[in-house]
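This is data-v4.pdb. It holds PDB, C-alpha atoms.
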ATOM      1  CA  MET A   1      -8.299 -26.524 -19.362
ATOM      2  CA  SER A   2      -7.315 -26.747 -15.718
ATOM      3  CA  LYS A   3      -8.233 -25.664 -12.235
ATOM      4  CA  LEU A   4      -7.877 -22.029 -13.336
ATOM      5  CA  ILE A   5     -11.241 -22.426 -15.112
ATOM      6  CA  ASP A   6     -12.923 -22.488 -11.693
ATOM      7  CA  LYS A   7     -11.618 -18.975 -11.053
ATOM      8  CA  VAL A   8     -13.361 -17.723 -14.193
ATOM      9  CA  ASN A   9     -16.772 -18.597 -12.803
ATOM     10  CA  LYS A  10     -16.221 -16.872  -9.428
ATOM     11  CA  PRO A  11     -17.459 -13.296  -8.975
ATOM     12  CA  ASP A  12     -14.759 -10.678  -9.379
ATOM     13  CA  ASN A  13     -14.920  -7.591  -7.148
ATOM     14  CA  ARG A  14     -12.071  -5.760  -8.859
ATOM     15  CA  PRO A  15     -12.860  -2.677 -10.966
ATOM     16  CA  LYS A  16     -13.401  -3.535 -14.609
ATOM     17  CA  ILE A  17     -10.374  -2.874 -16.782
ATOM     18  CA  THR A  18     -12.617  -1.450 -19.494
ATOM     19  CA  ASP A  19     -13.740   1.279 -17.066
ATOM     20  CA  THR A  20     -10.247   2.790 -16.908
ATOM     21  CA  TYR A  21      -8.535   5.101 -19.356
ATOM     22  CA  ASN A  22      -5.826   4.241 -21.898
ATOM     23  CA  VAL A  23      -6.658   0.546 -21.980
ATOM     24  CA  LYS A  24      -5.075  -1.172 -24.967
ATOM     25  CA  ARG A  25      -6.858  -3.515 -27.327
ATOM     26  CA  THR A  26      -5.313  -6.729 -25.969
ATOM     27  CA  ALA A  27      -6.184  -5.860 -22.361
ATOM     28  CA  LYS A  28      -9.783  -5.157 -23.395
ATOM     29  CA  PHE A  29      -9.954  -8.493 -25.218
ATOM     30  CA  TYR A  30      -8.778 -10.491 -22.201
ATOM     31  CA  ALA A  31     -11.104  -8.533 -19.910
ATOM     32  CA  LYS A  32     -14.079  -9.519 -22.051
ATOM     33  CA  ASN A  33     -12.976 -13.126 -22.719
ATOM     34  CA  PRO A  34     -12.253 -14.909 -19.430
ATOM     35  CA  LYS A  35     -11.597 -18.306 -21.021
ATOM     36  CA  SER A  36      -8.965 -16.800 -23.297
ATOM     37  CA  ARG A  37      -7.452 -15.015 -20.288
ATOM     38  CA  VAL A  38      -7.176 -18.322 -18.434
ATOM     39  CA  LYS A  39      -5.592 -20.010 -21.445
ATOM     40  CA  LYS A  40      -3.037 -17.205 -21.771
ATOM     41  CA  LYS A  41      -2.284 -17.332 -18.031
ATOM     42  CA  GLU A  42      -1.623 -21.080 -18.261
ATOM     43  CA  TYR A  43       0.662 -20.612 -21.279
ATOM     44  CA  ASP A  44       2.565 -17.749 -19.628
ATOM     45  CA  THR A  45       3.005 -19.740 -16.412
ATOM     46  CA  GLU A  46       4.433 -22.695 -18.314
ATOM     47  CA  TYR A  47       6.658 -20.507 -20.525
ATOM     48  CA  HIS A  48       8.148 -18.453 -17.700
ATOM     49  CA  SER A  49       8.764 -21.500 -15.504
ATOM     50  CA  SER A  50      10.866 -23.270 -18.156
ATOM     51  CA  LYS A  51      14.547 -23.829 -17.422
ATOM     52  CA  LYS A  52      15.548 -21.702 -20.409
ATOM     53  CA  ARG A  53      13.597 -18.611 -19.216
ATOM     54  CA  LYS A  54      14.792 -19.023 -15.622
ATOM     55  CA  ALA A  55      18.399 -19.162 -16.836
ATOM     56  CA  TYR A  56      17.824 -16.066 -18.997
ATOM     57  CA  ARG A  57      16.425 -14.070 -16.060
ATOM     58  CA  ALA A  58      19.165 -15.314 -13.743
ATOM     59  CA  GLU A  59      21.835 -14.208 -16.205
ATOM     60  CA  LEU A  60      20.418 -10.679 -16.339
ATOM     61  CA  ALA A  61      19.989 -10.551 -12.548
ATOM     62  CA  ARG A  62      23.618 -11.659 -12.089
ATOM     63  CA  GLU A  63      24.780  -8.822 -14.347
ATOM     64  CA  ARG A  64      22.583  -6.264 -12.505
ATOM     65  CA  ARG A  65      24.087  -7.364  -9.174
ATOM     66  CA  LYS A  66      27.593  -7.125 -10.636
ATOM     67  CA  ARG A  67      26.924  -3.555 -11.805
ATOM     68  CA  GLY A  68      25.345  -2.606  -8.483
ATOM     69  CA  VAL A  69      21.961  -1.623  -9.887
ATOM     70  CA  MET A  70      19.891  -4.578  -8.663
ATOM     71  CA  GLY A  71      16.769  -3.367  -6.872
ATOM     72  CA  ARG A  72      17.401   0.307  -7.577
ATOM     73  CA  GLY A  73      15.260   0.785 -10.673
ATOM     74  CA  GLY A  74      16.751   2.740 -13.524
ATOM     75  CA  LYS A  75      17.958   1.271 -16.792
ATOM     76  CA  ASP A  76      17.644  -2.344 -17.924
ATOM     77  CA  VAL A  77      20.543  -4.660 -18.599
ATOM     78  CA  SER A  78      20.061  -5.680 -22.206
ATOM     79  CA  HIS A  79      21.655  -8.448 -24.259
ATOM     80  CA  LYS A  80      23.679  -7.344 -27.260
ATOM     81  CA  LYS A  81      23.487  -9.234 -30.552
ATOM     82  CA  GLY A  82      27.133 -10.314 -30.469
ATOM     83  CA  GLY A  83      26.965 -11.315 -26.804
ATOM     84  CA  GLY A  84      27.630  -9.248 -23.726
ATOM     85  CA  PHE A  85      25.437  -6.691 -22.014
ATOM     86  CA  VAL A  86      24.651  -3.011 -22.221
ATOM     87  CA  MET A  87      22.639  -0.672 -19.986
ATOM     88  CA  GLU A  88      19.635   0.578 -21.902
ATOM     89  CA  ASP A  89      16.473   2.597 -21.249
ATOM     90  CA  LYS A  90      13.524   0.397 -20.310
ATOM     91  CA  SER A  91      11.384   1.864 -23.067
ATOM     92  CA  LYS A  92      13.968   1.073 -25.763
ATOM     93  CA  ASN A  93      14.735  -2.420 -24.468
ATOM     94  CA  ARG A  94      11.137  -3.493 -23.982
ATOM     95  CA  ALA A  95       9.860  -1.933 -27.224
ATOM     96  CA  ARG A  96      12.209  -3.965 -29.387
ATOM     97  CA  ASN A  97      10.614  -6.911 -31.219
ATOM     98  CA  ARG A  98       7.059  -5.974 -30.357
ATOM     99  CA  ALA A  99       4.277  -5.049 -32.716
ATOM    100  CA  LYS A 100       4.325  -1.489 -33.972
ATOM    101  CA  LYS A 101       1.163   0.526 -34.597
TER     102      LYS A 101
END

Before we go any further, please render this structure as structure tokens.
Amino acid sequence: MSKLIDKVNKPDNRPKITDTYNVKRTAKFYAKNPKSRVKKKEYDTEYHSSKKRKAYRAELARERRKRGVMGRGGKDVSHKKGGGFVMEDKSKNRARNRAKK
């Protein structure tokens, strides 16, 4: 692992995630398994710092600025299958391609 392992062994004064309501299964797992949480954090950091992901986010940000909705909340700019963009509800855009119950 890396230097993030040191953070696992330090005391955490934050409220426990398992003490709150509506906590999903994955969040509970990572709350109870600090080594797994560190491993996921390292993977996510590497994944989101790749040139491909940065370019993807920049493309969407450019389109939001062009449409005048950057920083105002509201709908997401979503990629269409054939190329191009469409404004879409956050819930619809972010629910696509994720596990269903």

Answer key for the PyMOL selection byres ((chain A and resi 86-88) around 6), residues as a ChimeraX atom specification: /A:75-78,85,89

Separation of atom CA of Lys41 of chain A from atom CA of Arg96 of chain A, in Å and rounded to one decimal: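 Taking atom CA of Lys41 of chain A as the start and atom CA of Arg96 of chain A as the end point, the length is 22.8 Å.
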
Separation of atom CA of His79 of chain A from atom CA of Arg98 of chain A in Å: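 Separation between atom CA of Arg98 of chain A and atom CA of His79 of chain A: 16.0 Å.
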
Straight-line distance linking atom CA of Lys40 of chain A with atom CA of Arg94 of chain A, stated in Å to one decimal: 19.8 Å
